[in-house]
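Report on the structure given below.
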Amino acid sequence: MRIPRNLGLAFVIAACSATVPAIADSPAQQRFAATGSIAIAFTPDDRIDRLTVAAIDGARHEVLVLAYSFTGRSIARALVRARERGASVRVVADREQARALPQNVLQDLVTGGVDVALDGNFQAAHNQVIVIDAGSANPTTITGSYNYAYAAQRGNAENVVGLRDNATVAKAYRDNWLRLAARSTPWPGAAPP
């Protein structure tokens, strides 16, 4: 669309806002108070894998994971350790990535007592989220672009944001995890469907 110069910037802003809803008006957007602390890290310089393992090692009651590709053995071992300590540990992974990556650690998780389900309801279940102890006074929510994979640490430019002690954010992510898990298929055993 060509806009005459004499109409000015005010017209352009008004015309755009009349046809495209503002992000702030989106009914799906959720806003939460900034509480607790925020930690950020970037690969390859920061050891996101170690930071993630340390957070899981601190879990007391529950660890919920949404994963796209999951080949990271150290993170898988941390999840199994959390399960062995008595925490409820549940993973929902992308079904197509489970099929495409024979080196995934999903069967290792199942063997270690972790509940695993596959999400095939989307073109890509591209979430990378870990929610730790969401119902407690000191929850942790970890999210970002970082896949739980060796390549994410060694070869990619990735990021994570860790939100500690923000119960409202942890609850929102836990609620989302529960919605996605309810529509997922339990891990079938030795091979993804």
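So you can find residues: chains in the structure tokens are A, B, ... in the order shown, residues in each start at 1, and ligands are numbered from 1 in order.
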Could you give me, as a compact mmCIF listing (two decimals) with C-alpha atoms, in the first residue's frame, the residues within 12 Å of Ala67 (chain A), counting only C-alpha atoms and dropping anything in the same chain fewer than 2 positions from it?
# COMPACT_ATOMS: atom_id res chain seq x y z
CA LEU A 64 7.90 -31.06 34.51
CA VAL A 65 9.66 -30.91 31.15
CA SER A 69 14.76 -32.61 20.85
CA PHE A 70 16.21 -34.38 23.85
CA THR A 71 19.59 -36.04 23.47
CA GLY A 72 21.35 -34.50 26.48
CA ILE A 75 20.14 -33.59 31.85
CA ALA A 76 18.46 -36.99 31.49
CA ARG A 90 7.31 -36.10 33.87
CA VAL A 91 8.42 -35.27 30.33
CA VAL A 92 6.38 -34.38 27.26
CA ALA A 93 8.49 -34.53 24.10
CA ASP A 94 7.84 -33.77 20.45
CA ARG A 95 6.70 -36.97 18.70
CA GLU A 96 8.44 -36.27 15.39
CA GLN A 97 11.77 -35.49 17.03
CA ALA A 98 11.46 -38.71 19.03
CA ASN A 104 17.25 -39.40 21.99
CA VAL A 105 17.28 -40.24 25.70
CA LEU A 106 13.55 -40.82 26.11
CA VAL A 116 7.37 -39.76 29.25
CA ALA A 117 4.67 -38.82 26.75
CA LEU A 118 4.83 -37.74 23.12
CA ASP A 119 3.07 -34.67 21.75
CA ALA A 124 6.32 -29.00 16.07
CA ALA A 125 5.93 -29.18 19.84
CA HIS A 126 8.86 -26.77 20.04
CA ASN A 127 8.73 -25.93 23.73
CA GLN A 128 11.87 -26.00 25.84
CA VAL A 129 10.60 -25.63 29.38
CA ILE A 130 11.46 -27.07 32.77
CA VAL A 131 9.22 -26.28 35.74
CA ILE A 142 13.54 -22.44 32.88
CA THR A 143 12.74 -21.59 29.28
CA GLY A 144 14.41 -20.31 26.13
CA SER A 145 15.70 -21.62 22.84
CA TYR A 146 18.03 -24.21 24.41
CA ASN A 147 17.14 -27.75 23.36
CA TYR A 148 18.25 -30.43 25.79
CA ALA A 149 20.86 -31.64 23.34
CA TRP A 177 2.30 -28.35 30.74
CA LEU A 180 -0.28 -30.33 26.65
CA ALA A 181 0.25 -33.55 28.62
Practice task
Within region 52-178 of chain A, find each residue whose DSSP state, derived from the backbone, is strand (DSSP E or B), and express the selection as a PyMOL selection string.
Solution key: chain A and resi 62-67+70+88-94+115-119+129-132+140-144+148+159-164
Residue selection dump (C-alpha atoms) as a short mmCIF file (atom, residue, chain, number, x, y, z; two decimals), in the first residue's frame:
data_model
loop_
_atom_site.label_atom_id
_atom_site.label_comp_id
_atom_site.auth_asym_id
_atom_site.auth_seq_id
_atom_site.Cartn_x
_atom_site.Cartn_y
_atom_site.Cartn_z
CA GLU A 62 8.19 -32.12 40.99
CA VAL A 63 9.95 -31.59 37.67
CA LEU A 64 7.90 -31.06 34.51
CA VAL A 65 9.66 -30.91 31.15
CA LEU A 66 8.53 -29.89 27.68
CA ALA A 67 11.18 -30.88 25.15
CA PHE A 70 16.21 -34.38 23.85
CA SER A 88 7.54 -36.64 40.44
CA VAL A 89 9.32 -36.27 37.09
CA ARG A 90 7.31 -36.10 33.87
CA VAL A 91 8.42 -35.27 30.33
CA VAL A 92 6.38 -34.38 27.26
CA ALA A 93 8.49 -34.53 24.10
CA ASP A 94 7.84 -33.77 20.45
CA ASP A 115 6.96 -40.67 32.93
CA VAL A 116 7.37 -39.76 29.25
CA ALA A 117 4.67 -38.82 26.75
CA LEU A 118 4.83 -37.74 23.12
CA ASP A 119 3.07 -34.67 21.75
CA VAL A 129 10.60 -25.63 29.38
CA ILE A 130 11.46 -27.07 32.77
CA VAL A 131 9.22 -26.28 35.74
CA ILE A 132 10.60 -27.26 39.12
CA THR A 140 12.02 -22.43 39.26
CA THR A 141 10.94 -22.03 35.63
CA ILE A 142 13.54 -22.44 32.88
CA THR A 143 12.74 -21.59 29.28
CA GLY A 144 14.41 -20.31 26.13
CA TYR A 148 18.25 -30.43 25.79
CA ASN A 159 19.72 -18.93 25.40
CA VAL A 160 17.83 -19.66 28.60
CA VAL A 161 16.01 -17.59 31.15
CA GLY A 162 15.63 -18.99 34.65
CA LEU A 163 12.91 -17.50 36.83
CA ARG A 164 13.29 -18.34 40.51
#
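A straight line drawn from CA of Ala55 (chain A) to CA of Ala78 (chain A) is 9.2 Å long.
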Practice task
Name the residues in contact with Phe42 (chain A) at a cut-off of 8 Å, using only C-alpha atoms, excluding same-chain residues fewer than 4 positions from it; report them as a list in words.
Solution key: Asp46, Arg47, Ile48, Ala157, Glu158, Asn159 and Val160 of chain A
Practice task
Compile the contact shell of Gly36 (chain A) as a VMD selection string: residues with an atom at most 9 Å away, counting only C-alpha atoms, same-chain residues fewer than 2 positions apart removed.
Solution key: chain A and resid 34 38 138 163 to 167
Store the residues picked out above, limited to N, CA and C atoms, as a compact mmCIF listing (two decimals), in the first residue's frame.
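Saved to result29.txt:
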# COMPACT_ATOMS: atom_id res chain seq x y z
N ALA A 34 6.92 -8.99 38.44
CA ALA A 34 8.32 -9.39 38.45
C ALA A 34 8.73 -9.63 39.89
N ILE A 38 15.97 -13.44 38.26
CA ILE A 38 16.05 -13.88 36.88
C ILE A 38 17.51 -14.13 36.56
N ASN A 138 9.34 -21.84 46.51
CA ASN A 138 10.56 -21.51 45.77
C ASN A 138 10.63 -22.26 44.45
N LEU A 163 13.71 -18.34 35.94
CA LEU A 163 12.91 -17.50 36.83
C LEU A 163 12.75 -18.24 38.15
N ARG A 164 13.36 -17.70 39.20
CA ARG A 164 13.29 -18.34 40.51
C ARG A 164 12.34 -17.56 41.42
N ASP A 165 11.63 -18.33 42.22
CA ASP A 165 10.76 -17.75 43.25
C ASP A 165 9.64 -16.89 42.68
N ASN A 166 9.16 -17.20 41.49
CA ASN A 166 7.99 -16.53 40.93
C ASN A 166 6.91 -17.59 40.78
N ALA A 167 6.11 -17.76 41.84
CA ALA A 167 5.11 -18.83 41.88
C ALA A 167 4.04 -18.66 40.81
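Closest to Gly86 (chain A) among A:Ala134, A:Val110, A:Ala59, A:Leu51 is A:Ala59, based on only C-alpha atoms.
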